[in-house]
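A.B. asks: You'll find model-v2.txt just under this line, and it carries compact mmCIF, C-alpha atoms.
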```txt
# COMPACT_ATOMS: atom_id res chain seq x y z
CA MET A 1 59.60 62.13 68.11
CA ARG A 2 60.09 65.55 69.71
CA ALA A 3 56.83 66.86 68.26
CA ALA A 4 54.94 63.84 69.57
CA ILE A 5 56.48 64.25 73.04
CA LEU A 6 55.57 67.95 73.06
CA ALA A 7 51.99 67.17 72.05
CA ARG A 8 51.60 64.51 74.76
CA LEU A 9 53.01 66.74 77.51
CA ALA A 10 51.15 69.90 76.46
CA ALA A 11 47.80 68.14 76.83
CA ASP A 12 48.27 67.26 80.50
CA PRO A 13 46.81 69.67 83.09
CA ALA A 14 48.62 67.98 86.01
CA LEU A 15 52.01 68.59 84.38
CA ALA A 16 51.00 72.18 83.63
CA ARG A 17 50.26 72.74 87.33
CA VAL A 18 53.60 71.28 88.41
CA MET A 19 55.45 73.47 85.91
CA GLY A 20 53.69 76.69 86.87
CA GLY A 21 50.75 76.96 84.47
CA SER A 22 51.82 75.21 81.27
CA ALA A 23 53.93 72.26 80.18
CA ARG A 24 57.15 74.07 79.38
CA LEU A 25 59.54 71.98 77.26
CA TYR A 26 62.08 73.80 75.08
CA ASP A 27 65.04 73.21 72.77
CA GLU A 28 67.02 76.04 74.40
CA PRO A 29 66.80 77.69 77.84
CA PRO A 30 64.08 80.35 77.66
CA ARG A 31 65.35 83.91 78.22
CA GLY A 32 64.14 85.43 81.43
CA SER A 33 61.97 82.45 82.31
CA LEU A 34 62.15 80.99 85.79
CA PRO A 35 61.97 77.25 86.45
CA VAL A 36 60.20 74.84 86.51
CA TYR A 37 60.85 74.08 82.84
CA ALA A 38 62.43 71.28 80.82
CA LEU A 39 64.85 71.12 77.91
CA PHE A 40 65.45 68.49 75.30
CA GLY A 41 68.92 67.24 76.19
CA ASP A 42 71.40 64.98 74.47
CA ALA A 43 70.00 62.54 71.93
CA GLU A 44 71.33 59.68 69.87
CA ILE A 45 69.76 57.61 67.09
CA ARG A 46 71.32 54.30 66.05
CA ASP A 47 70.47 51.76 63.39
CA ALA A 48 68.65 48.80 64.92
CA SER A 49 67.36 47.12 61.77
CA VAL A 50 66.42 43.44 62.03
CA ASP A 51 65.22 40.90 59.47
CA GLY A 52 64.79 43.53 56.76
CA ALA A 53 62.77 45.87 58.98
CA GLU A 54 64.25 49.37 59.08
CA ARG A 55 64.41 50.23 62.78
CA HIS A 56 66.15 52.88 64.86
CA ALA A 57 67.06 52.89 68.54
CA HIS A 58 66.71 56.31 70.16
CA THR A 59 68.13 57.62 73.42
CA LEU A 60 66.86 61.04 74.49
CA ALA A 61 67.37 63.07 77.64
CA LEU A 62 64.82 65.50 79.06
CA VAL A 63 66.33 67.84 81.64
CA VAL A 64 63.95 69.45 84.15
CA PHE A 65 65.20 72.55 85.98
CA ALA A 66 63.98 73.10 89.55
CA ARG A 67 62.84 76.26 91.26
CA PRO A 68 65.65 77.71 93.41
CA GLY A 69 65.81 75.93 96.75
CA SER A 70 63.52 73.07 95.73
CA ALA A 71 64.96 70.04 93.96
CA ARG A 72 61.55 68.46 94.62
CA THR A 73 59.94 70.68 91.95
CA ALA A 74 62.14 69.12 89.26
CA VAL A 75 61.54 65.61 90.58
CA ASP A 76 57.76 66.12 90.64
CA ALA A 77 57.76 67.37 87.04
CA ALA A 78 60.10 64.57 85.91
CA ASP A 79 57.90 61.96 87.61
CA ARG A 80 54.83 63.29 85.81
CA ILE A 81 56.66 63.36 82.46
CA ALA A 82 57.80 59.77 83.03
CA ALA A 83 54.23 58.67 83.81
CA LEU A 84 52.96 60.34 80.63
CA LEU A 85 55.62 58.87 78.34
CA ALA A 86 56.49 55.40 79.68
CA GLY A 87 54.98 52.79 77.41
CA SER A 88 52.94 55.41 75.56
CA ASP A 89 51.74 55.15 71.99
CA LEU A 90 53.08 58.41 70.58
CA ALA A 91 51.94 59.14 67.04
CA LEU A 92 55.03 59.71 64.89
CA THR A 93 55.17 61.07 61.35
CA GLY A 94 56.69 58.56 58.92
CA HIS A 95 57.53 56.05 61.64
CA ALA A 96 55.79 53.71 64.04
CA LEU A 97 56.76 53.60 67.69
CA VAL A 98 57.68 50.05 68.68
CA THR A 99 58.66 50.74 72.31
CA LEU A 100 59.22 53.70 74.61
CA ARG A 101 60.53 53.41 78.14
CA VAL A 102 62.05 55.57 80.83
CA ALA A 103 65.53 54.10 81.34
CA ALA A 104 66.66 56.40 84.17
CA LEU A 105 65.86 59.39 86.34
CA ALA A 106 68.84 61.20 87.85
CA VAL A 107 68.81 64.24 90.12
CA THR A 108 71.88 66.47 90.21
CA ARG A 109 72.93 69.86 91.52
CA ASP A 110 75.27 72.15 89.58
CA ALA A 111 78.27 72.78 91.84
CA ARG A 112 78.80 76.32 90.57
CA SER A 113 75.26 77.68 90.55
CA GLY A 114 73.60 75.35 93.06
CA GLU A 115 70.80 74.79 90.53
CA ALA A 116 69.03 71.43 90.88
CA ARG A 117 67.80 69.45 87.92
CA ALA A 118 66.30 66.08 87.15
CA THR A 119 67.26 64.24 83.97
CA LEU A 120 65.00 61.63 82.42
CA THR A 121 66.64 59.27 79.96
CA LEU A 122 64.19 57.84 77.43
CA GLU A 123 64.85 54.87 75.19
CA ALA A 124 62.70 54.15 72.16
CA VAL A 125 62.65 51.96 69.10
CA THR A 126 60.95 53.16 65.92
CA GLU A 127 60.24 51.42 62.65
CA ALA A 128 59.86 53.00 59.22
CA ALA A 129 56.19 53.19 58.27
```
Would you encode the structure as structure tokens?

C.D. replies:
Amino acid sequence: MRAAILARLAADPALARVMGGSARLYDEPPRGSLPVYALFGDAEIRDASVDGAERHAHTLALVVFARPGSARTAVDAADRIAALLAGSDLALTGHALVTLRVAALAVTRDARSGEARATLTLEAVTEAA
């Protein structure tokens, strides 16, 4: 699912503009890179099989880090990511996407660093192909 999300986001010029030139989504914080960028956050996959169909329920967080002094930059990027992914038909390898929705968008500020971030929580159901 991560590869399909990356492919969908990388192809969008509007998201690239909001993030400073390219859609920047990483597994780990990039060294020396300034926001706006996003990280794959916490994820969980649970069995959701029904009537003999092998299904999995996925919960995945995408965390968008804002430019210093501008929580809005994270919110704008998160909004665009949500628009690109909600209800989309991502092509998955070995699985079919049954549903994909944005369950939540939360904006927080780290008390220690003052860094703002927006967290998108995605929920998906996949079925073995």

A.B. asks: What is the distance, in Å and to one decimal place, between CA of Tyr37 in chain A and CA of Gly94 in chain A?

C.D. replies: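 Atom-to-atom, CA of Tyr37 in chain A and CA of Gly94 in chain A are spaced 28.8 Å apart.
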
A.B. asks: Go through A:His58, A:Phe65, A:Arg17, A:Arg80 one by one, measure the shortest atom-to-atom distance of each to Ala38 in chain A using only C-alpha atoms, and give the residue with the smallest value.

C.D. replies: A:Phe65

A.B. asks: Measure the distance from CA of Leu15 in chain A to CA of Ala124 in chain A in Å and round it to one decimal.

C.D. replies: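 Computing the Euclidean distance for CA of Leu15 in chain A and CA of Ala124 in chain A yields 21.7 Å.
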
A.B. asks: Could you list, as a PyMOL selection string, every residue within 12 Å of Asp79 in chain A, counting all atoms listed in the file and ignoring same-chain residues fewer than 2 positions away?

C.D. replies: chain A and resi 14-15+18-19+62-64+72-77+81-86+102+104-107+118-121

A.B. asks: For CA of Thr93 in chain A and CA of Ala129 in chain A, quote the distance in Å rounded to one decimal.

C.D. replies: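 The value is 8.5 Å.
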
A.B. asks: Which of these, A:Ala111, A:Leu39, A:Met1, A:Ala23, has the shortest distance to Val125 in chain A once you count all atoms listed in the file?

C.D. replies: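 For Val125 in chain A, the nearest of the candidates is A:Met1.
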
A.B. asks: With a distance cut-off of 9 Å and all atoms listed in the file, select the neighbouring residues of Thr126 in chain A, excluding the residue or stretch itself and same-chain residues fewer than 5 positions from it, and output the selection as a PyMOL selection string.

C.D. replies: chain A and resi 48+54-58+92+95-100

A.B. asks: Could you save the residues just selected, with C-alpha atoms, as a PDB file, in the coordinates of the input?

C.D. replies:
```
ATOM      1  CA  ALA A  48      68.650  48.800  64.920  1.00  0.00           C
ATOM      2  CA  GLU A  54      64.250  49.370  59.080  1.00  0.00           C
ATOM      3  CA  ARG A  55      64.410  50.230  62.780  1.00  0.00           C
ATOM      4  CA  HIS A  56      66.150  52.880  64.860  1.00  0.00           C
ATOM      5  CA  ALA A  57      67.060  52.890  68.540  1.00  0.00           C
ATOM      6  CA  HIS A  58      66.710  56.310  70.160  1.00  0.00           C
ATOM      7  CA  LEU A  92      55.030  59.710  64.890  1.00  0.00           C
ATOM      8  CA  HIS A  95      57.530  56.050  61.640  1.00  0.00           C
ATOM      9  CA  ALA A  96      55.790  53.710  64.040  1.00  0.00           C
ATOM     10  CA  LEU A  97      56.760  53.600  67.690  1.00  0.00           C
ATOM     11  CA  VAL A  98      57.680  50.050  68.680  1.00  0.00           C
ATOM     12  CA  THR A  99      58.660  50.740  72.310  1.00  0.00           C
ATOM     13  CA  LEU A 100      59.220  53.700  74.610  1.00  0.00           C
TER      14      LEU A 100
END
```
